[in-house]
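data-v2.txt (compact mmCIF, N, CA and C atoms and all ligand atoms) appears below.
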```txt
# COMPACT_ATOMS: atom_id res chain seq x y z
N MET A 1 159.48 95.35 56.67
CA MET A 1 159.80 95.77 55.29
C MET A 1 161.17 95.25 54.85
N LYS A 2 161.34 95.18 53.56
CA LYS A 2 162.59 94.62 53.06
C LYS A 2 163.71 95.66 53.06
N ASN A 3 164.91 95.16 53.18
CA ASN A 3 166.08 96.03 53.13
C ASN A 3 166.40 96.39 51.69
N ILE A 4 166.35 97.67 51.39
CA ILE A 4 166.53 98.10 49.99
C ILE A 4 168.01 98.23 49.64
N LYS A 5 168.86 98.43 50.66
CA LYS A 5 170.27 98.70 50.39
C LYS A 5 171.00 97.57 49.68
N ASN A 6 171.14 96.42 50.34
CA ASN A 6 171.79 95.32 49.62
C ASN A 6 170.71 94.44 48.98
N LYS A 7 170.36 94.88 47.77
CA LYS A 7 169.15 94.36 47.15
C LYS A 7 169.38 93.03 46.46
N GLN A 8 168.77 91.99 47.00
CA GLN A 8 168.76 90.69 46.35
C GLN A 8 167.30 90.43 46.00
N LEU A 9 166.99 90.60 44.73
CA LEU A 9 165.59 90.52 44.34
C LEU A 9 165.06 89.08 44.41
N THR A 10 163.91 88.95 45.01
CA THR A 10 163.26 87.65 44.98
C THR A 10 162.59 87.47 43.63
N GLU A 11 162.19 86.25 43.33
CA GLU A 11 161.50 85.99 42.07
C GLU A 11 160.25 86.85 41.95
N ARG A 12 159.58 86.98 43.07
CA ARG A 12 158.35 87.75 43.08
C ARG A 12 158.63 89.23 42.74
N GLU A 13 159.69 89.75 43.35
CA GLU A 13 160.03 91.15 43.08
C GLU A 13 160.45 91.35 41.63
N LYS A 14 161.18 90.36 41.10
CA LYS A 14 161.57 90.45 39.69
C LYS A 14 160.33 90.48 38.80
N SER A 15 159.39 89.62 39.12
CA SER A 15 158.16 89.59 38.32
C SER A 15 157.42 90.91 38.41
N ILE A 16 157.40 91.46 39.61
CA ILE A 16 156.71 92.73 39.80
C ILE A 16 157.41 93.84 39.02
N ASN A 17 158.74 93.77 38.95
CA ASN A 17 159.47 94.73 38.12
C ASN A 17 159.05 94.63 36.65
N GLU A 18 158.90 93.39 36.18
CA GLU A 18 158.45 93.17 34.81
C GLU A 18 157.06 93.76 34.60
N ILE A 19 156.20 93.49 35.57
CA ILE A 19 154.82 93.98 35.49
C ILE A 19 154.82 95.50 35.46
N LYS A 20 155.70 96.09 36.25
CA LYS A 20 155.79 97.54 36.29
C LYS A 20 156.14 98.09 34.91
N LYS A 21 157.12 97.46 34.26
CA LYS A 21 157.48 97.90 32.91
C LYS A 21 156.29 97.80 31.97
N ARG A 22 155.56 96.69 32.07
CA ARG A 22 154.41 96.50 31.19
C ARG A 22 153.33 97.55 31.46
N LEU A 23 153.14 97.85 32.74
CA LEU A 23 152.14 98.86 33.09
C LEU A 23 152.53 100.23 32.53
N LEU A 24 153.81 100.54 32.64
CA LEU A 24 154.28 101.84 32.13
C LEU A 24 154.09 101.91 30.61
N MET A 25 154.38 100.80 29.93
CA MET A 25 154.21 100.78 28.49
C MET A 25 152.74 100.91 28.11
N GLU A 26 151.90 100.21 28.86
CA GLU A 26 150.48 100.26 28.57
C GLU A 26 149.94 101.67 28.79
N LYS A 27 150.42 102.29 29.84
CA LYS A 27 150.00 103.65 30.15
C LYS A 27 150.39 104.58 29.01
N GLU A 28 151.61 104.42 28.56
CA GLU A 28 152.10 105.26 27.48
C GLU A 28 151.27 105.07 26.21
N SER A 29 150.96 103.82 25.91
CA SER A 29 150.22 103.57 24.67
C SER A 29 148.78 104.08 24.80
N LEU A 30 148.23 104.01 26.00
CA LEU A 30 146.90 104.58 26.22
C LEU A 30 146.92 106.09 26.00
N LEU A 31 147.96 106.71 26.54
CA LEU A 31 148.05 108.15 26.42
C LEU A 31 148.27 108.59 24.98
N SER A 32 149.12 107.88 24.25
CA SER A 32 149.36 108.26 22.86
C SER A 32 148.15 107.90 22.02
N GLY A 33 147.44 106.84 22.39
CA GLY A 33 146.21 106.47 21.70
C GLY A 33 145.18 107.57 21.84
N ALA A 34 145.10 108.15 23.02
CA ALA A 34 144.15 109.23 23.26
C ALA A 34 144.48 110.43 22.38
N GLU A 35 145.78 110.69 22.22
CA GLU A 35 146.19 111.79 21.35
C GLU A 35 145.78 111.51 19.91
N ASN A 36 145.96 110.26 19.49
CA ASN A 36 145.60 109.91 18.13
C ASN A 36 144.13 110.16 17.84
N THR A 37 143.25 109.78 18.75
CA THR A 37 141.82 110.00 18.51
C THR A 37 141.52 111.49 18.40
N MET A 38 142.25 112.28 19.17
CA MET A 38 142.04 113.72 19.11
C MET A 38 142.43 114.27 17.75
N THR A 39 143.56 113.83 17.24
CA THR A 39 144.04 114.41 15.99
C THR A 39 143.32 113.84 14.77
N THR A 40 142.80 112.62 14.87
CA THR A 40 142.13 112.05 13.69
C THR A 40 140.68 112.48 13.61
N MET A 41 140.12 112.96 14.71
CA MET A 41 138.71 113.30 14.72
C MET A 41 138.32 114.36 13.68
N PRO A 42 139.02 115.49 13.59
CA PRO A 42 138.60 116.50 12.61
C PRO A 42 138.67 115.98 11.18
N LYS A 43 139.65 115.16 10.89
CA LYS A 43 139.78 114.61 9.54
C LYS A 43 138.55 113.80 9.14
N ASN A 44 138.05 113.02 10.09
CA ASN A 44 136.89 112.18 9.79
C ASN A 44 135.63 112.99 9.51
N SER A 45 135.57 114.22 10.02
CA SER A 45 134.33 114.98 9.90
C SER A 45 134.39 116.02 8.79
N ASN A 46 135.30 115.90 7.84
CA ASN A 46 135.32 116.87 6.76
C ASN A 46 134.47 116.44 5.56
N LEU A 47 133.27 115.92 5.84
CA LEU A 47 132.31 115.55 4.81
C LEU A 47 131.40 116.76 4.55
N THR A 48 130.16 116.52 4.03
CA THR A 48 129.28 117.67 3.81
C THR A 48 128.54 118.09 5.07
N GLU A 49 127.84 119.24 4.96
CA GLU A 49 127.33 119.90 6.16
C GLU A 49 126.29 119.11 6.98
N LEU A 50 125.02 119.10 6.54
CA LEU A 50 123.92 118.72 7.42
C LEU A 50 123.95 117.31 8.00
N GLY A 51 123.70 116.34 7.15
CA GLY A 51 123.56 114.97 7.64
C GLY A 51 124.77 114.49 8.40
N ASP A 52 125.89 115.07 8.08
CA ASP A 52 127.11 114.57 8.68
C ASP A 52 127.34 115.10 10.08
N GLN A 53 126.64 116.16 10.39
CA GLN A 53 126.77 116.69 11.74
C GLN A 53 126.37 115.62 12.75
N ALA A 54 125.23 114.93 12.42
CA ALA A 54 124.75 113.87 13.30
C ALA A 54 125.78 112.77 13.44
N SER A 55 126.32 112.35 12.32
CA SER A 55 127.27 111.24 12.39
C SER A 55 128.56 111.67 13.08
N ALA A 56 128.90 112.94 12.92
CA ALA A 56 130.07 113.45 13.61
C ALA A 56 129.84 113.42 15.11
N GLU A 57 128.58 113.76 15.49
CA GLU A 57 128.26 113.73 16.92
C GLU A 57 128.35 112.32 17.47
N ILE A 58 127.87 111.37 16.68
CA ILE A 58 127.95 109.98 17.11
C ILE A 58 129.41 109.59 17.29
N ASP A 59 130.24 110.02 16.35
CA ASP A 59 131.67 109.74 16.46
C ASP A 59 132.24 110.29 17.75
N ILE A 60 131.84 111.53 18.06
CA ILE A 60 132.37 112.16 19.26
C ILE A 60 131.89 111.41 20.50
N ASN A 61 130.58 111.06 20.52
CA ASN A 61 130.07 110.29 21.65
C ASN A 61 130.83 108.99 21.83
N PHE A 62 131.05 108.34 20.71
CA PHE A 62 131.78 107.08 20.76
C PHE A 62 133.18 107.29 21.33
N THR A 63 133.84 108.34 20.84
CA THR A 63 135.19 108.63 21.30
C THR A 63 135.20 108.93 22.80
N LEU A 64 134.21 109.71 23.25
CA LEU A 64 134.15 110.05 24.66
C LEU A 64 133.95 108.83 25.52
N ARG A 65 133.05 107.93 25.05
CA ARG A 65 132.79 106.73 25.82
C ARG A 65 134.05 105.88 25.89
N LEU A 66 134.67 105.76 24.76
CA LEU A 66 135.91 105.00 24.69
C LEU A 66 136.93 105.61 25.65
N LYS A 67 136.98 106.93 25.64
CA LYS A 67 137.97 107.59 26.47
C LYS A 67 137.67 107.43 27.95
N SER A 68 136.38 107.38 28.29
CA SER A 68 136.10 107.21 29.70
C SER A 68 136.52 105.81 30.16
N ARG A 69 136.40 104.84 29.24
CA ARG A 69 136.88 103.50 29.58
C ARG A 69 138.40 103.50 29.70
N GLU A 70 139.03 104.26 28.80
CA GLU A 70 140.49 104.36 28.86
C GLU A 70 140.93 105.06 30.14
N ARG A 71 140.15 106.07 30.51
CA ARG A 71 140.48 106.79 31.74
C ARG A 71 140.42 105.87 32.94
N GLN A 72 139.39 105.02 32.97
CA GLN A 72 139.27 104.07 34.07
C GLN A 72 140.47 103.14 34.12
N LEU A 73 140.86 102.67 32.94
CA LEU A 73 142.00 101.79 32.89
C LEU A 73 143.28 102.51 33.33
N LEU A 74 143.40 103.75 32.86
CA LEU A 74 144.55 104.56 33.25
C LEU A 74 144.63 104.71 34.76
N LYS A 75 143.48 104.95 35.36
CA LYS A 75 143.40 105.11 36.80
C LYS A 75 143.88 103.84 37.48
N LYS A 76 143.42 102.70 36.98
CA LYS A 76 143.83 101.43 37.58
C LYS A 76 145.32 101.21 37.43
N ILE A 77 145.84 101.59 36.26
CA ILE A 77 147.28 101.44 36.04
C ILE A 77 148.05 102.33 37.01
N ASP A 78 147.58 103.58 37.15
CA ASP A 78 148.24 104.50 38.08
C ASP A 78 148.19 103.96 39.51
N ASP A 79 147.04 103.44 39.90
CA ASP A 79 146.93 102.87 41.24
C ASP A 79 147.92 101.73 41.44
N ALA A 80 148.00 100.87 40.43
CA ALA A 80 148.91 99.74 40.53
C ALA A 80 150.36 100.22 40.63
N LEU A 81 150.71 101.22 39.81
CA LEU A 81 152.08 101.76 39.83
C LEU A 81 152.40 102.37 41.18
N GLU A 82 151.41 103.05 41.74
CA GLU A 82 151.62 103.67 43.04
C GLU A 82 151.86 102.61 44.11
N LYS A 83 151.08 101.54 44.02
CA LYS A 83 151.26 100.46 44.99
C LYS A 83 152.63 99.81 44.85
N ILE A 84 153.08 99.69 43.60
CA ILE A 84 154.41 99.13 43.38
C ILE A 84 155.44 100.00 44.09
N GLU A 85 155.30 101.33 43.92
CA GLU A 85 156.22 102.27 44.57
C GLU A 85 156.18 102.12 46.09
N GLN A 86 155.00 101.92 46.61
CA GLN A 86 154.85 101.85 48.07
C GLN A 86 155.14 100.47 48.63
N GLY A 87 155.34 99.53 47.72
CA GLY A 87 155.62 98.16 48.15
C GLY A 87 154.40 97.40 48.63
N THR A 88 153.22 97.91 48.27
CA THR A 88 152.01 97.21 48.70
C THR A 88 151.35 96.48 47.54
N TYR A 89 152.00 96.51 46.40
CA TYR A 89 151.43 95.87 45.22
C TYR A 89 151.38 94.35 45.39
N GLY A 90 150.29 93.77 44.87
CA GLY A 90 150.20 92.32 44.89
C GLY A 90 149.59 91.77 46.17
N THR A 91 149.04 92.66 46.98
CA THR A 91 148.35 92.23 48.19
C THR A 91 146.86 92.38 47.98
N CYS A 92 146.13 91.34 48.32
CA CYS A 92 144.68 91.37 48.10
C CYS A 92 144.03 92.43 49.00
N GLU A 93 143.20 93.28 48.37
CA GLU A 93 142.54 94.34 49.13
C GLU A 93 141.49 93.81 50.08
N ALA A 94 140.98 92.64 49.78
CA ALA A 94 139.91 92.11 50.60
C ALA A 94 140.42 91.30 51.79
N CYS A 95 141.38 90.41 51.55
CA CYS A 95 141.81 89.53 52.64
C CYS A 95 143.24 89.79 53.10
N GLY A 96 143.99 90.61 52.32
CA GLY A 96 145.34 90.96 52.74
C GLY A 96 146.40 89.93 52.43
N LYS A 97 146.00 88.84 51.76
CA LYS A 97 147.00 87.82 51.38
C LYS A 97 147.70 88.23 50.10
N GLU A 98 148.85 87.61 49.85
CA GLU A 98 149.57 87.88 48.61
C GLU A 98 148.82 87.28 47.43
N ILE A 99 148.74 88.08 46.36
CA ILE A 99 148.13 87.58 45.14
C ILE A 99 149.20 86.84 44.35
N GLU A 100 148.83 85.69 43.80
CA GLU A 100 149.79 84.90 43.02
C GLU A 100 150.39 85.71 41.88
N VAL A 101 151.70 85.56 41.68
CA VAL A 101 152.38 86.26 40.59
C VAL A 101 151.75 85.91 39.24
N LYS A 102 151.39 84.65 39.10
CA LYS A 102 150.77 84.19 37.86
C LYS A 102 149.53 85.03 37.54
N ARG A 103 148.75 85.28 38.55
CA ARG A 103 147.54 86.06 38.38
C ARG A 103 147.88 87.53 38.09
N LEU A 104 148.85 88.05 38.82
CA LEU A 104 149.25 89.45 38.62
C LEU A 104 149.76 89.66 37.21
N SER A 105 150.50 88.70 36.74
CA SER A 105 151.08 88.87 35.43
C SER A 105 150.03 88.73 34.33
N ALA A 106 149.00 87.94 34.58
CA ALA A 106 147.90 87.83 33.62
C ALA A 106 147.00 89.06 33.67
N ARG A 107 146.88 89.64 34.85
CA ARG A 107 146.00 90.78 35.03
C ARG A 107 146.62 91.76 36.01
N PRO A 108 147.58 92.57 35.48
CA PRO A 108 148.40 93.42 36.35
C PRO A 108 147.61 94.42 37.20
N VAL A 109 146.42 94.83 36.75
CA VAL A 109 145.71 95.86 37.52
C VAL A 109 144.78 95.26 38.57
N THR A 110 144.85 93.96 38.74
CA THR A 110 143.96 93.34 39.71
C THR A 110 144.32 93.75 41.14
N THR A 111 143.30 93.85 41.98
CA THR A 111 143.57 94.24 43.37
C THR A 111 143.11 93.17 44.35
N MET A 112 142.64 92.05 43.80
CA MET A 112 142.15 90.99 44.69
C MET A 112 142.69 89.64 44.28
N CYS A 113 142.86 88.76 45.24
CA CYS A 113 143.28 87.41 44.93
C CYS A 113 142.12 86.67 44.28
N ILE A 114 142.44 85.54 43.68
CA ILE A 114 141.43 84.85 42.89
C ILE A 114 140.23 84.41 43.75
N GLU A 115 140.50 84.02 44.99
CA GLU A 115 139.40 83.58 45.87
C GLU A 115 138.42 84.72 46.13
N CYS A 116 138.98 85.87 46.50
CA CYS A 116 138.12 87.01 46.82
C CYS A 116 137.39 87.51 45.57
N LYS A 117 138.10 87.51 44.45
CA LYS A 117 137.49 87.97 43.21
C LYS A 117 136.33 87.06 42.83
N THR A 118 136.55 85.76 42.94
CA THR A 118 135.50 84.80 42.62
C THR A 118 134.30 85.01 43.53
N GLU A 119 134.59 85.19 44.80
CA GLU A 119 133.54 85.42 45.78
C GLU A 119 132.74 86.67 45.43
N GLN A 120 133.47 87.74 45.08
CA GLN A 120 132.82 88.99 44.73
C GLN A 120 131.92 88.81 43.51
N GLU A 121 132.42 88.08 42.52
CA GLU A 121 131.64 87.87 41.31
C GLU A 121 130.39 87.06 41.59
N GLU A 122 130.50 86.06 42.46
CA GLU A 122 129.34 85.26 42.85
C GLU A 122 128.30 86.16 43.50
N GLU A 123 128.75 87.02 44.38
CA GLU A 123 127.84 87.94 45.06
C GLU A 123 127.14 88.86 44.07
N GLU A 124 127.92 89.35 43.08
CA GLU A 124 127.32 90.22 42.07
C GLU A 124 126.27 89.47 41.28
N LYS A 125 126.52 88.23 40.97
CA LYS A 125 125.56 87.41 40.23
C LYS A 125 124.28 87.25 41.05
N LEU A 126 124.44 87.01 42.33
CA LEU A 126 123.28 86.84 43.20
C LEU A 126 122.45 88.13 43.26
N ARG A 127 123.15 89.26 43.29
CA ARG A 127 122.46 90.54 43.36
C ARG A 127 121.65 90.83 42.11
N GLU A 128 122.16 90.33 40.97
CA GLU A 128 121.48 90.58 39.71
C GLU A 128 120.15 89.85 39.61
N ARG A 129 120.01 88.77 40.31
CA ARG A 129 118.77 87.96 40.23
C ARG A 129 117.56 88.67 40.80
ZN ZN A 201 141.84 87.81 48.94
```
Please express the file's structure as structure tokens.
Amino acid sequence: MKNIKNKQLTEREKSINEIKKRLLMEKESLLSGAENTMTTMPKNSNLTELGDQASAEIDINFTLRLKSRERQLLKKIDDALEKIEQGTYGTCEACGKEIEVKRLSARPVTTMCIECKTEQEEEEKLRER
């Protein structure tokens, strides 16, 4: 492990710090976005009684689905942040090699290097056939 006391950040660590900031910002915007959907929902449904109940329900279903996708993303962001804290961020879960910073910065929540990810996607394609 690296010595934290006399800290001379490597380029990689600097990039990871940047990624961490971006993840925190994204997390925040996801959380405030979720609040916005909650507060705007009642306003959208102040139309007339009957027919609108159905459309209000559709709105709610849509919001829930959206939120479950947001929740998944939030989970990934939290996982990534936790790994950053533990110093295990940027290591491929499949092969244990370091993931390129370029890739991490393009897709901060990724947990696999490009080779493993490509391999996984190929396998998924084969399974679909
Ligand atoms: Zn890998």
Point to revise | Å distance separating atom C of Ser29 in chain A from CA of Asn17 in chain A, one decimal place | key: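 Pair atom C of Ser29 in chain A / CA of Asn17 in chain A returns 19.5 Å.
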Check your understanding: Quick one: of A:Arg12, A:Lys75, A:Lys67, A:Lys97, who's nearest to ligand ZN 201 (chain A), counting only N, CA and C atoms and all ligand atoms?
Key -> A:Lys97
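If one restricts the calculation to all atoms listed in the file, the set of residues situated within 6.5 Å of ligand ZN 201 (chain A) consists of A:Cys92, A:Glu93, A:Ala94, A:Cys95, A:Gly96, A:Lys97, A:Met112, A:Cys113, A:Ile114, A:Glu115, A:Cys116, A:Lys117.
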Review point. In Å, with one decimal, what is the gap from CA of Ile84 in chain A to CA of Pro108 in chain A?
Key: 10.9 Å
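Going from CA of Asp79 in chain A to CA of Leu30 in chain A covers 15.1 Å.
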Review point. Which is closer to Leu31 in chain A than all the others in A:Leu74, A:Leu126, A:Ile99, A:Ala80, using only N, CA and C atoms?
Key: A:Leu74
Practice item. Could you pull out every residue with an atom within 5 Å of (152.5, 102.2, 32.9), file coordinates, counting all atoms listed in the file, and send them as a PyMOL selection string? Key: chain A and resi 22-28
**Study point:** Among listed residues A:Asp59, A:Glu11, A:Asp78, A:Glu123, nearest Val109 in chain A (using only N, CA and C atoms)
**Key:**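 Selected residue with least distance to Val109 in chain A: A:Asp78.
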